[in-house]
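Colleague: My questions all concern the structure below.
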Amino acid sequence: MEPIVITRRDLLATSAQSIGIAGLAAVLGAGQLGGEAAAATRPLAAKPPGFPPRARRIIHLWMNGGPSQVDTFDPKPALEKFAGQRPDSANLSTERRTTGLMPSPFRFTRHGQSGIEISELFPYLARHADDLCVIRSMHTIAPLHEASTWMMNTGFQQPVRPSYGSWLLYGLGSLNENLPGFVVLGGKPVNGSSHWSSRFLPGIYQGCHVSSNDPRKVLDNLTSPLTAADAQRQHLDFAQRLNSLHLRQRGEDHALTARIESLELAYRMQTASPEAFDISLETAATHAAYGTSTKGHPGNVARNCLLARRLLERGVRVVQIYTSPGGAGWDTHSDNSNQHKSLCAAVDQPIAALLQDLKQRGLLEDTLVVWGGEFGRTPTTEGKDGRDHNHYGFTMWLAGGGVRGGMVFGATDEFGFKAVENRVHVHDLHATMLHLMGLDHEKLTYHYSGRDYRLTDVHGRVVKEILA
């Protein structure tokens with residue numbers, strides 16, 4: 001069948017007002033309407049993994065700004081012993097000038113049967129010590145928020161490459177085609193949407209940022225005030241038929257394909273989204289456990305953690321939660337200790353409640369939980385009482401999803417500056433995340449601009465030592 005060329009004169013001569021949407025669709029040509037044709041391709045349909053997965057979904061608890069490892073999960077008694085001194089091992093270049101070693105004022109104690117040492121700043125989370133795999137030997141490339149945030153999200157320190165969430169959707173599809181497969185909650189980090197971009201992957205795999213958990217406000221124009229559902233379907237079918245004809249004339253066009261697929265997803269979301277995003281449907285006991293009634297940032301984190309569980313439960317493949325109280329988040333260049341008190345208090349109860357909730361519902365065993373920032377902070381002092389960026393060694397923890405709980409992996413030097421034992425690069429973390437989801441990071445590729453790209457580029461190893 002030859003492509004059908006629709007001119008402005010054709011549309012005026014056979015307008016929807018004169019013959020109706022269905023009649024105009026018939027004028028455009030027989031066969032499936034655009035919406036049905038687009039739906040038939042089902043780009044979000046679940047795809048089989050390359051091998052049996054340990055995890056089916058991921059939630060990334062993003063502490064944007066960079067939390068201090070020596071104040072949270074990596075105790076360093078030597079900081080007290082050599083306070084104010086600057087040993088040779090501290091002479092590493094960071095973003096800003098620092099001076100002597102600054103001890104942490106927070107007490108570390110052992111928790112759970114595993115005896116993992118956790119700071120007093122996390123009394124709720126400490127109850128889940130036996131679920132945590134604490135990686136104390138993370139490292140990345142640069143001490144800059146922009147480069148390190150891109151690295152953690154896309155595997156590259158330059159803009160813009162596909163995010164790991166988009167790679168996962170590309171490789172595995174979604175578990176619910178009526179909701180976005182990749183949802184981002186909370187405040188935007190520096191450079192915003194570039195961190196959940198699909199870039200050269202099909203646009204339907206881009207992350208969907210949601211800044212409100214009110215089901216009436218979470219997405220604009222969720223329902224039409226002018227058109228009933230059946231008529232809206234007809235209007236959309238007509239628009240999609242035009243889009244499909246346009247696509248046939250233009251050939252491969254990612255932007256147009258993404259528009260066609262996104263319109264279909266938006267139509268389906270009208271039914272699924274209000275219920276999924278309505279946390280008022282949860283019990284009073286659940287709200288109390290998360291602390292959703294708390295005012296300010298702690299309440300926002302709590303509501304986002306609860307919403308994340310609802311989304312994961314309904315088949316969303318990847319959820320990220322950005323926590324950035326006061327705008328700067330965990331970027332504590334001054335008043336590090338007091339800031340960490342309030343920052344940890346804001347996330348401690350909600351995250352612990354999320355782990356407990358996932359466990360009680362049987363979701364933790366196949367949900368990979370990832371906690372951390374783009375880098376850590378220096379054990380040396382910036383100014384009077386701050387800590388600078390530190391990319392040489394920092395801490396992240398994982399839970400659930402096929403990871404060994406109750407273990408510490410890797411180590412930094414005696415002061416907590418540089419990873420020195422069982423070092424784990426961000427590429428290794430990504431390789432491990434993909435492996436847990438049933439994907440080989442070396443085989444998940446996309447051909448673009450004359451070469452095959454992958455999330456881990458030419459790097460990365462699966463950290464098998466932390467697998468259950």
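Here's how to read the names in the structure tokens: chain A, B, ... by the order shown, residue numbers from 1 in each chain, ligand numbers from 1 in the order shown.
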Excluding same-chain residues fewer than 4 positions from stretch 432-446 of chain A, what lies within 10 Å of it counting only C-alpha atoms, as a VMD selection string?

Modeller: chain A and resid 48 to 58 164 167 to 168 170 to 172 200 to 201 366 to 368 370 398 401 to 403 426 to 428 451 to 464 466 to 467

Colleague: A:Arg107: which residues within 12 Å, counting only C-alpha atoms, same-chain residues fewer than 2 positions away excluded, as a compact mmCIF listing (two decimals) with C-alpha atoms, in the first residue's frame?

Modeller:
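Wrote around.txt, looks like this:
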```txt
# COMPACT_ATOMS: atom_id res chain seq x y z
CA VAL A 70 32.43 9.07 58.32
CA ASP A 71 29.30 10.44 60.04
CA THR A 72 26.91 7.69 58.89
CA PHE A 73 28.19 4.20 57.98
CA ASP A 74 32.02 4.26 58.03
CA PRO A 75 33.34 4.87 61.58
CA LYS A 76 36.92 6.14 61.83
CA PRO A 77 38.35 6.30 65.39
CA GLU A 80 39.69 11.52 66.98
CA PRO A 103 36.35 13.75 63.95
CA SER A 104 32.72 12.80 63.77
CA PRO A 105 30.77 13.83 66.89
CA THR A 109 27.28 1.16 67.71
CA ARG A 110 26.84 -2.39 66.42
CA GLU A 117 28.36 -0.36 62.90
CA ILE A 118 25.85 2.41 62.19
CA SER A 119 25.82 6.01 63.38
CA GLU A 120 23.41 7.14 66.08
CA LEU A 121 21.87 9.38 63.39
CA PHE A 122 19.94 6.33 62.08
CA PRO A 123 18.10 4.78 65.05
```

Colleague: Would you mind listing, for every residue of stretch 361-442 of chain A within 12 Å of stretch 323-347 of chain A, the two atoms forming the shortest contact and the distance between them in Å to one decimal, using only C-alpha atoms, sorted by chain and ascending residue number, as CSV?

Modeller:
```
residue,atom,partner,partner_atom,distance
A:Trp371,CA,A:Val347,CA,10.8
A:Gly372,CA,A:Trp330,CA,10.4
A:Gly373,CA,A:Trp330,CA,8.3
A:Glu374,CA,A:Trp330,CA,10.2
A:Phe375,CA,A:Asp331,CA,10.1
A:Gly376,CA,A:Asp331,CA,9.4
A:Arg377,CA,A:Thr332,CA,8.4
A:Thr378,CA,A:His333,CA,9.9
A:Pro379,CA,A:Asn336,CA,11.0
A:Thr380,CA,A:His333,CA,11.2
A:Thr381,CA,A:His333,CA,9.0
A:Glu382,CA,A:His333,CA,6.5
A:Gly383,CA,A:Ser334,CA,7.1
A:Lys384,CA,A:Ser334,CA,7.2
A:Asp385,CA,A:Asp335,CA,5.2
A:Gly386,CA,A:Ser334,CA,3.7
A:Arg387,CA,A:His333,CA,5.1
A:Asp388,CA,A:His333,CA,5.6
A:His389,CA,A:Asp331,CA,7.9
A:Asn390,CA,A:Asp331,CA,11.0
```

Colleague: Using only C-alpha atoms, which residues sit within 8 Å of A:Arg404 once same-chain residues fewer than 5 positions away are excluded, as a list in words?

Modeller: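 Listing them by chain and then by number gives Asp131, Leu132, Cys133, Ala399, Ile466, Leu467 and Ala468 of chain A.
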
Colleague: As number ranges by chain, please: the residues near A:Ser166 (cut-off 6 Å, only C-alpha atoms, same-chain neighbours under 2 positions excluded).

Modeller: A: 163-164, 168-169, 198, 205-206

Colleague: Write out as a PDB file with C-alpha atoms, in the first residue's frame which residues come within 12 Å of A:Leu281 when counting only C-alpha atoms, dropping same-chain ones fewer than 3 positions away.

Modeller:
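The resulting result10.pdb:
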```pdb
ATOM      1  CA  ASP A 214      -1.685  14.534  45.334  1.00  0.00           C
ATOM      2  CA  PRO A 215      -3.520  12.333  42.789  1.00  0.00           C
ATOM      3  CA  PRO A 274      -5.449   8.408  40.402  1.00  0.00           C
ATOM      4  CA  GLU A 275      -5.617   5.190  42.401  1.00  0.00           C
ATOM      5  CA  ALA A 276      -1.869   4.512  42.287  1.00  0.00           C
ATOM      6  CA  PHE A 277      -0.931   7.995  43.512  1.00  0.00           C
ATOM      7  CA  ASP A 278      -3.643   8.243  46.181  1.00  0.00           C
ATOM      8  CA  ALA A 284      -3.661   5.109  59.595  1.00  0.00           C
ATOM      9  CA  ALA A 285      -1.101   2.627  60.943  1.00  0.00           C
ATOM     10  CA  THR A 286       0.834   2.734  57.678  1.00  0.00           C
ATOM     11  CA  HIS A 287       0.863   6.536  57.651  1.00  0.00           C
ATOM     12  CA  LEU A 306       4.991   5.429  50.775  1.00  0.00           C
ATOM     13  CA  LEU A 307       4.075   6.410  47.230  1.00  0.00           C
ATOM     14  CA  ARG A 310       2.512   1.781  45.954  1.00  0.00           C
TER      15      ARG A 310
END
```

Colleague: May I ask for the distance between atom CA of A:Glu465 and atom CA of A:Phe409, given in Å to one decimal place?

Modeller: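 About the pair atom CA of A:Glu465 and atom CA of A:Phe409: they are 8.2 Å apart.
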
Colleague: Measure the distance from atom CA of A:Tyr290 to atom CA of A:Gly187 in Å and round it to one decimal.

Modeller: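 Taking atom CA of A:Tyr290 and atom CA of A:Gly187, their separation equals 19.0 Å.
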
Colleague: For a test of reading the model, state the distance in Å between atom CA of A:Thr149 and atom CA of A:Arg127, rounded to one decimal.

Modeller: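 Taking atom CA of A:Thr149 and atom CA of A:Arg127, their separation equals 29.4 Å.
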
Colleague: Quick one: of A:Ala288, A:Ile141, A:Val184, A:Leu311, who's nearest to A:Trp62, counting only C-alpha atoms?

Modeller: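 When distances to A:Trp62 are compared using only C-alpha atoms, the smallest one comes from A:Val184.
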
Colleague: DSSP on the backbone: which residues in stretch 36-247 of chain A end up as helix (DSSP H, G or I)? Give the answer as a PDB file with N, CA and C atoms, in the first residue's frame.

Modeller:
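Printed below is part.pdb as written:
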```
ATOM      1  N   GLU A  36      -4.642   2.095  17.958  1.00  0.00           N
ATOM      2  CA  GLU A  36      -4.588   0.645  17.995  1.00  0.00           C
ATOM      3  C   GLU A  36      -3.260   0.146  17.438  1.00  0.00           C
ATOM      4  N   ALA A  37      -2.805   0.791  16.361  1.00  0.00           N
ATOM      5  CA  ALA A  37      -1.522   0.391  15.767  1.00  0.00           C
ATOM      6  C   ALA A  37      -0.375   0.640  16.737  1.00  0.00           C
ATOM      7  N   ALA A  38      -0.423   1.820  17.397  1.00  0.00           N
ATOM      8  CA  ALA A  38       0.643   2.126  18.362  1.00  0.00           C
ATOM      9  C   ALA A  38       0.611   1.163  19.521  1.00  0.00           C
ATOM     10  N   ALA A  39      -0.604   0.841  19.996  1.00  0.00           N
ATOM     11  CA  ALA A  39      -0.724  -0.065  21.129  1.00  0.00           C
ATOM     12  C   ALA A  39      -0.203  -1.454  20.771  1.00  0.00           C
ATOM     13  N   ALA A  40      -0.367  -1.832  19.477  1.00  0.00           N
ATOM     14  CA  ALA A  40       0.035  -3.167  19.068  1.00  0.00           C
ATOM     15  C   ALA A  40       1.541  -3.384  19.225  1.00  0.00           C
ATOM     16  N   THR A  41       2.335  -2.324  19.089  1.00  0.00           N
ATOM     17  CA  THR A  41       3.782  -2.471  19.233  1.00  0.00           C
ATOM     18  C   THR A  41       4.178  -2.688  20.687  1.00  0.00           C
ATOM     19  N   GLN A  69      30.308   9.861  54.733  1.00  0.00           N
ATOM     20  CA  GLN A  69      30.442   8.458  55.129  1.00  0.00           C
ATOM     21  C   GLN A  69      30.956   8.309  56.551  1.00  0.00           C
ATOM     22  N   VAL A  70      31.833   9.220  56.988  1.00  0.00           N
ATOM     23  CA  VAL A  70      32.427   9.073  58.324  1.00  0.00           C
ATOM     24  C   VAL A  70      31.465   9.504  59.428  1.00  0.00           C
ATOM     25  N   ASP A  71      30.321  10.072  59.056  1.00  0.00           N
ATOM     26  CA  ASP A  71      29.297  10.439  60.043  1.00  0.00           C
ATOM     27  C   ASP A  71      28.096   9.503  59.998  1.00  0.00           C
ATOM     28  N   ALA A  78      40.389   6.851  64.176  1.00  0.00           N
ATOM     29  CA  ALA A  78      41.659   7.561  63.980  1.00  0.00           C
ATOM     30  C   ALA A  78      41.447   9.058  63.802  1.00  0.00           C
ATOM     31  N   LEU A  79      40.266   9.481  63.393  1.00  0.00           N
ATOM     32  CA  LEU A  79      40.000  10.913  63.246  1.00  0.00           C
ATOM     33  C   LEU A  79      40.071  11.616  64.601  1.00  0.00           C
ATOM     34  N   GLU A  80      39.624  10.950  65.626  1.00  0.00           N
ATOM     35  CA  GLU A  80      39.692  11.522  66.981  1.00  0.00           C
ATOM     36  C   GLU A  80      41.143  11.576  67.454  1.00  0.00           C
ATOM     37  N   LYS A  81      41.872  10.518  67.189  1.00  0.00           N
ATOM     38  CA  LYS A  81      43.262  10.421  67.649  1.00  0.00           C
ATOM     39  C   LYS A  81      44.142  11.481  66.998  1.00  0.00           C
ATOM     40  N   ASP A  88      49.848  12.798  55.258  1.00  0.00           N
ATOM     41  CA  ASP A  88      50.109  12.794  53.822  1.00  0.00           C
ATOM     42  C   ASP A  88      48.970  12.163  53.040  1.00  0.00           C
ATOM     43  N   SER A  89      48.312  11.156  53.611  1.00  0.00           N
ATOM     44  CA  SER A  89      47.235  10.463  52.901  1.00  0.00           C
ATOM     45  C   SER A  89      46.022  11.364  52.685  1.00  0.00           C
ATOM     46  N   ALA A  90      45.971  12.505  53.383  1.00  0.00           N
ATOM     47  CA  ALA A  90      44.864  13.444  53.209  1.00  0.00           C
ATOM     48  C   ALA A  90      45.150  14.481  52.130  1.00  0.00           C
ATOM     49  N   LEU A 125      16.685   3.014  61.053  1.00  0.00           N
ATOM     50  CA  LEU A 125      17.314   2.180  60.038  1.00  0.00           C
ATOM     51  C   LEU A 125      18.203   1.112  60.666  1.00  0.00           C
ATOM     52  N   ALA A 126      18.813   1.429  61.811  1.00  0.00           N
ATOM     53  CA  ALA A 126      19.708   0.485  62.470  1.00  0.00           C
ATOM     54  C   ALA A 126      19.005  -0.827  62.821  1.00  0.00           C
ATOM     55  N   ARG A 127      17.680  -0.785  62.989  1.00  0.00           N
ATOM     56  CA  ARG A 127      16.912  -2.004  63.291  1.00  0.00           C
ATOM     57  C   ARG A 127      16.901  -2.966  62.104  1.00  0.00           C
ATOM     58  N   HIS A 128      17.290  -2.465  60.925  1.00  0.00           N
ATOM     59  CA  HIS A 128      17.305  -3.297  59.730  1.00  0.00           C
ATOM     60  C   HIS A 128      18.728  -3.620  59.292  1.00  0.00           C
ATOM     61  N   ALA A 129      19.672  -3.577  60.234  1.00  0.00           N
ATOM     62  CA  ALA A 129      21.080  -3.797  59.899  1.00  0.00           C
ATOM     63  C   ALA A 129      21.291  -5.115  59.166  1.00  0.00           C
ATOM     64  N   ASP A 130      20.539  -6.143  59.547  1.00  0.00           N
ATOM     65  CA  ASP A 130      20.740  -7.457  58.935  1.00  0.00           C
ATOM     66  C   ASP A 130      20.179  -7.556  57.520  1.00  0.00           C
ATOM     67  N   ASP A 131      19.489  -6.515  57.079  1.00  0.00           N
ATOM     68  CA  ASP A 131      19.015  -6.464  55.689  1.00  0.00           C
ATOM     69  C   ASP A 131      19.970  -5.701  54.785  1.00  0.00           C
ATOM     70  N   HIS A 145      29.393  17.935  41.490  1.00  0.00           N
ATOM     71  CA  HIS A 145      28.016  17.419  41.521  1.00  0.00           C
ATOM     72  C   HIS A 145      27.540  17.007  40.133  1.00  0.00           C
ATOM     73  N   GLU A 146      27.754  17.879  39.155  1.00  0.00           N
ATOM     74  CA  GLU A 146      27.222  17.618  37.820  1.00  0.00           C
ATOM     75  C   GLU A 146      27.788  16.312  37.252  1.00  0.00           C
ATOM     76  N   ALA A 147      29.114  16.218  37.227  1.00  0.00           N
ATOM     77  CA  ALA A 147      29.761  15.042  36.627  1.00  0.00           C
ATOM     78  C   ALA A 147      29.425  13.770  37.388  1.00  0.00           C
ATOM     79  N   SER A 148      29.448  13.830  38.720  1.00  0.00           N
ATOM     80  CA  SER A 148      29.223  12.623  39.511  1.00  0.00           C
ATOM     81  C   SER A 148      27.759  12.203  39.519  1.00  0.00           C
ATOM     82  N   THR A 149      26.836  13.159  39.433  1.00  0.00           N
ATOM     83  CA  THR A 149      25.420  12.796  39.358  1.00  0.00           C
ATOM     84  C   THR A 149      25.106  12.164  38.016  1.00  0.00           C
ATOM     85  N   TRP A 150      25.673  12.723  36.930  1.00  0.00           N
ATOM     86  CA  TRP A 150      25.511  12.070  35.628  1.00  0.00           C
ATOM     87  C   TRP A 150      26.119  10.666  35.645  1.00  0.00           C
ATOM     88  N   MET A 151      27.294  10.541  36.261  1.00  0.00           N
ATOM     89  CA  MET A 151      27.940   9.236  36.315  1.00  0.00           C
ATOM     90  C   MET A 151      27.060   8.218  37.048  1.00  0.00           C
ATOM     91  N   MET A 152      26.491   8.617  38.175  1.00  0.00           N
ATOM     92  CA  MET A 152      25.681   7.691  38.955  1.00  0.00           C
ATOM     93  C   MET A 152      24.400   7.317  38.224  1.00  0.00           C
ATOM     94  N   ASN A 153      23.866   8.216  37.424  1.00  0.00           N
ATOM     95  CA  ASN A 153      22.608   7.950  36.743  1.00  0.00           C
ATOM     96  C   ASN A 153      22.775   7.378  35.345  1.00  0.00           C
ATOM     97  N   THR A 154      23.830   7.769  34.636  1.00  0.00           N
ATOM     98  CA  THR A 154      23.950   7.386  33.229  1.00  0.00           C
ATOM     99  C   THR A 154      25.214   6.604  32.901  1.00  0.00           C
ATOM    100  N   TYR A 164      20.168   4.840  33.717  1.00  0.00           N
ATOM    101  CA  TYR A 164      20.074   3.401  33.949  1.00  0.00           C
ATOM    102  C   TYR A 164      18.623   2.944  34.006  1.00  0.00           C
ATOM    103  N   GLY A 165      17.715   3.832  34.469  1.00  0.00           N
ATOM    104  CA  GLY A 165      16.298   3.484  34.465  1.00  0.00           C
ATOM    105  C   GLY A 165      15.774   3.271  33.060  1.00  0.00           C
ATOM    106  N   SER A 166      16.214   4.108  32.120  1.00  0.00           N
ATOM    107  CA  SER A 166      15.815   3.944  30.726  1.00  0.00           C
ATOM    108  C   SER A 166      16.402   2.669  30.131  1.00  0.00           C
ATOM    109  N   TRP A 167      17.656   2.365  30.468  1.00  0.00           N
ATOM    110  CA  TRP A 167      18.253   1.115  29.999  1.00  0.00           C
ATOM    111  C   TRP A 167      17.467  -0.097  30.498  1.00  0.00           C
ATOM    112  N   LEU A 168      17.031  -0.044  31.755  1.00  0.00           N
ATOM    113  CA  LEU A 168      16.274  -1.171  32.310  1.00  0.00           C
ATOM    114  C   LEU A 168      14.931  -1.344  31.605  1.00  0.00           C
ATOM    115  N   LEU A 169      14.248  -0.228  31.312  1.00  0.00           N
ATOM    116  CA  LEU A 169      12.985  -0.320  30.587  1.00  0.00           C
ATOM    117  C   LEU A 169      13.215  -0.833  29.171  1.00  0.00           C
ATOM    118  N   TYR A 170      14.273  -0.371  28.538  1.00  0.00           N
ATOM    119  CA  TYR A 170      14.606  -0.829  27.192  1.00  0.00           C
ATOM    120  C   TYR A 170      14.863  -2.338  27.190  1.00  0.00           C
ATOM    121  N   GLY A 171      15.559  -2.830  28.212  1.00  0.00           N
ATOM    122  CA  GLY A 171      15.909  -4.244  28.264  1.00  0.00           C
ATOM    123  C   GLY A 171      14.808  -5.150  28.768  1.00  0.00           C
ATOM    124  N   LEU A 172      13.963  -4.630  29.673  1.00  0.00           N
ATOM    125  CA  LEU A 172      12.993  -5.496  30.343  1.00  0.00           C
ATOM    126  C   LEU A 172      11.539  -5.081  30.164  1.00  0.00           C
ATOM    127  N   GLY A 192      18.605  18.747  36.495  1.00  0.00           N
ATOM    128  CA  GLY A 192      17.266  18.199  36.372  1.00  0.00           C
ATOM    129  C   GLY A 192      17.085  16.964  35.523  1.00  0.00           C
ATOM    130  N   SER A 193      16.237  17.080  34.486  1.00  0.00           N
ATOM    131  CA  SER A 193      15.754  15.923  33.746  1.00  0.00           C
ATOM    132  C   SER A 193      16.833  15.190  32.962  1.00  0.00           C
ATOM    133  N   SER A 194      18.011  15.771  32.825  1.00  0.00           N
ATOM    134  CA  SER A 194      19.082  15.055  32.122  1.00  0.00           C
ATOM    135  C   SER A 194      19.458  13.767  32.851  1.00  0.00           C
ATOM    136  N   HIS A 195      19.099  13.676  34.136  1.00  0.00           N
ATOM    137  CA  HIS A 195      19.462  12.498  34.921  1.00  0.00           C
ATOM    138  C   HIS A 195      18.477  11.352  34.759  1.00  0.00           C
ATOM    139  N   TRP A 196      17.335  11.586  34.163  1.00  0.00           N
ATOM    140  CA  TRP A 196      16.428  10.473  33.861  1.00  0.00           C
ATOM    141  C   TRP A 196      16.053  10.469  32.381  1.00  0.00           C
ATOM    142  N   GLY A 203      11.995   7.326  23.190  1.00  0.00           N
ATOM    143  CA  GLY A 203      11.545   8.287  24.189  1.00  0.00           C
ATOM    144  C   GLY A 203      10.580   7.746  25.218  1.00  0.00           C
ATOM    145  N   ILE A 204       9.879   6.651  24.912  1.00  0.00           N
ATOM    146  CA  ILE A 204       8.914   6.093  25.859  1.00  0.00           C
ATOM    147  C   ILE A 204       9.607   5.584  27.113  1.00  0.00           C
ATOM    148  N   TYR A 205      10.937   5.387  27.052  1.00  0.00           N
ATOM    149  CA  TYR A 205      11.678   4.858  28.196  1.00  0.00           C
ATOM    150  C   TYR A 205      12.232   5.960  29.110  1.00  0.00           C
ATOM    151  N   ALA A 229     -15.225   9.741  27.793  1.00  0.00           N
ATOM    152  CA  ALA A 229     -14.139   8.802  27.547  1.00  0.00           C
ATOM    153  C   ALA A 229     -14.183   8.196  26.152  1.00  0.00           C
ATOM    154  N   ASP A 230     -15.388   7.778  25.694  1.00  0.00           N
ATOM    155  CA  ASP A 230     -15.459   7.141  24.379  1.00  0.00           C
ATOM    156  C   ASP A 230     -15.130   8.131  23.257  1.00  0.00           C
ATOM    157  N   ALA A 231     -15.601   9.377  23.400  1.00  0.00           N
ATOM    158  CA  ALA A 231     -15.288  10.393  22.396  1.00  0.00           C
ATOM    159  C   ALA A 231     -13.804  10.750  22.428  1.00  0.00           C
ATOM    160  N   GLN A 232     -13.226  10.754  23.619  1.00  0.00           N
ATOM    161  CA  GLN A 232     -11.802  11.049  23.729  1.00  0.00           C
ATOM    162  C   GLN A 232     -10.980   9.970  23.025  1.00  0.00           C
ATOM    163  N   ARG A 233     -11.430   8.723  23.145  1.00  0.00           N
ATOM    164  CA  ARG A 233     -10.743   7.644  22.451  1.00  0.00           C
ATOM    165  C   ARG A 233     -10.803   7.852  20.939  1.00  0.00           C
ATOM    166  N   GLN A 234     -11.944   8.309  20.438  1.00  0.00           N
ATOM    167  CA  GLN A 234     -12.076   8.575  19.010  1.00  0.00           C
ATOM    168  C   GLN A 234     -11.160   9.713  18.567  1.00  0.00           C
ATOM    169  N   HIS A 235     -11.138  10.784  19.370  1.00  0.00           N
ATOM    170  CA  HIS A 235     -10.247  11.894  19.045  1.00  0.00           C
ATOM    171  C   HIS A 235      -8.785  11.430  19.002  1.00  0.00           C
ATOM    172  N   LEU A 236      -8.398  10.630  19.995  1.00  0.00           N
ATOM    173  CA  LEU A 236      -7.017  10.166  20.051  1.00  0.00           C
ATOM    174  C   LEU A 236      -6.713   9.245  18.871  1.00  0.00           C
ATOM    175  N   ASP A 237      -7.641   8.364  18.516  1.00  0.00           N
ATOM    176  CA  ASP A 237      -7.423   7.481  17.371  1.00  0.00           C
ATOM    177  C   ASP A 237      -7.216   8.283  16.093  1.00  0.00           C
ATOM    178  N   PHE A 238      -7.995   9.350  15.957  1.00  0.00           N
ATOM    179  CA  PHE A 238      -7.847  10.201  14.771  1.00  0.00           C
ATOM    180  C   PHE A 238      -6.463  10.859  14.753  1.00  0.00           C
ATOM    181  N   ALA A 239      -6.068  11.431  15.889  1.00  0.00           N
ATOM    182  CA  ALA A 239      -4.752  12.083  15.969  1.00  0.00           C
ATOM    183  C   ALA A 239      -3.629  11.076  15.726  1.00  0.00           C
ATOM    184  N   GLN A 240      -3.802   9.882  16.267  1.00  0.00           N
ATOM    185  CA  GLN A 240      -2.759   8.877  16.110  1.00  0.00           C
ATOM    186  C   GLN A 240      -2.671   8.377  14.668  1.00  0.00           C
ATOM    187  N   ARG A 241      -3.818   8.349  13.970  1.00  0.00           N
ATOM    188  CA  ARG A 241      -3.783   7.961  12.561  1.00  0.00           C
ATOM    189  C   ARG A 241      -2.961   8.974  11.756  1.00  0.00           C
ATOM    190  N   LEU A 242      -3.169  10.247  12.052  1.00  0.00           N
ATOM    191  CA  LEU A 242      -2.375  11.283  11.386  1.00  0.00           C
ATOM    192  C   LEU A 242      -0.898  11.145  11.727  1.00  0.00           C
ATOM    193  N   ASN A 243      -0.616  10.900  13.002  1.00  0.00           N
ATOM    194  CA  ASN A 243       0.774  10.723  13.419  1.00  0.00           C
ATOM    195  C   ASN A 243       1.416   9.528  12.715  1.00  0.00           C
ATOM    196  N   SER A 244       0.654   8.430  12.587  1.00  0.00           N
ATOM    197  CA  SER A 244       1.179   7.231  11.942  1.00  0.00           C
ATOM    198  C   SER A 244       1.468   7.478  10.463  1.00  0.00           C
ATOM    199  N   LEU A 245       0.558   8.202   9.803  1.00  0.00           N
ATOM    200  CA  LEU A 245       0.789   8.541   8.397  1.00  0.00           C
ATOM    201  C   LEU A 245       2.024   9.422   8.243  1.00  0.00           C
ATOM    202  N   HIS A 246       2.158  10.360   9.163  1.00  0.00           N
ATOM    203  CA  HIS A 246       3.329  11.244   9.150  1.00  0.00           C
ATOM    204  C   HIS A 246       4.605  10.434   9.337  1.00  0.00           C
ATOM    205  N   LEU A 247       4.553   9.472  10.261  1.00  0.00           N
ATOM    206  CA  LEU A 247       5.727   8.650  10.544  1.00  0.00           C
ATOM    207  C   LEU A 247       6.109   7.814   9.318  1.00  0.00           C
TER     208      LEU A 247
END
```

Colleague: How would you write, as a ChimeraX atom specification, the set of residues in stretch 312-460 of chain A that DSSP gives as strand (DSSP E or B)?

Modeller: /A:318-322,367-372,376-377,380,382,386,389-390,394-399,403,407-409,411-412,419-421,424-425,445-448,451-454

Colleague: Kindly export the residues of the current selection with C-alpha atoms, as a compact mmCIF listing (two decimals), in the first residue's frame.

Modeller:
```
# COMPACT_ATOMS: atom_id res chain seq x y z
CA VAL A 318 12.23 1.84 38.58
CA VAL A 319 11.52 4.54 41.21
CA GLN A 320 14.01 7.21 42.29
CA ILE A 321 13.44 9.49 45.30
CA TYR A 322 15.54 12.66 45.47
CA THR A 367 13.07 -5.40 45.03
CA LEU A 368 16.59 -3.94 44.98
CA VAL A 369 16.87 -0.94 47.30
CA VAL A 370 19.84 1.39 46.69
CA TRP A 371 20.84 4.21 49.10
CA GLY A 372 23.50 6.87 48.57
CA GLY A 376 30.92 11.29 49.91
CA ARG A 377 32.58 14.00 51.97
CA THR A 380 39.17 16.90 56.66
CA GLU A 382 36.47 22.84 55.02
CA GLY A 386 32.22 21.82 56.89
CA HIS A 389 33.19 16.70 48.26
CA ASN A 390 35.04 13.39 48.28
CA PHE A 394 32.36 6.84 50.06
CA THR A 395 29.56 4.59 51.26
CA MET A 396 26.38 3.27 49.70
CA TRP A 397 24.15 0.45 50.88
CA LEU A 398 21.92 -2.04 49.10
CA ALA A 399 19.10 -4.21 50.42
CA VAL A 403 21.91 -8.94 47.77
CA MET A 407 27.41 -7.52 55.56
CA VAL A 408 30.01 -4.82 55.05
CA PHE A 409 31.99 -4.90 51.83
CA ALA A 411 36.99 -0.38 53.19
CA THR A 412 38.50 3.07 53.05
CA ALA A 419 38.74 3.34 49.01
CA VAL A 420 41.60 0.88 49.48
CA GLU A 421 40.02 -2.58 49.85
CA VAL A 424 33.74 -0.61 43.77
CA HIS A 425 33.40 1.90 40.95
CA THR A 445 23.56 -2.47 23.91
CA TYR A 446 21.97 0.02 21.53
CA HIS A 447 23.40 0.96 18.15
CA TYR A 448 23.58 4.71 17.69
CA ARG A 451 28.64 2.31 17.38
CA ASP A 452 27.09 0.13 20.07
CA TYR A 453 26.55 1.89 23.38
CA ARG A 454 25.96 0.37 26.78
```
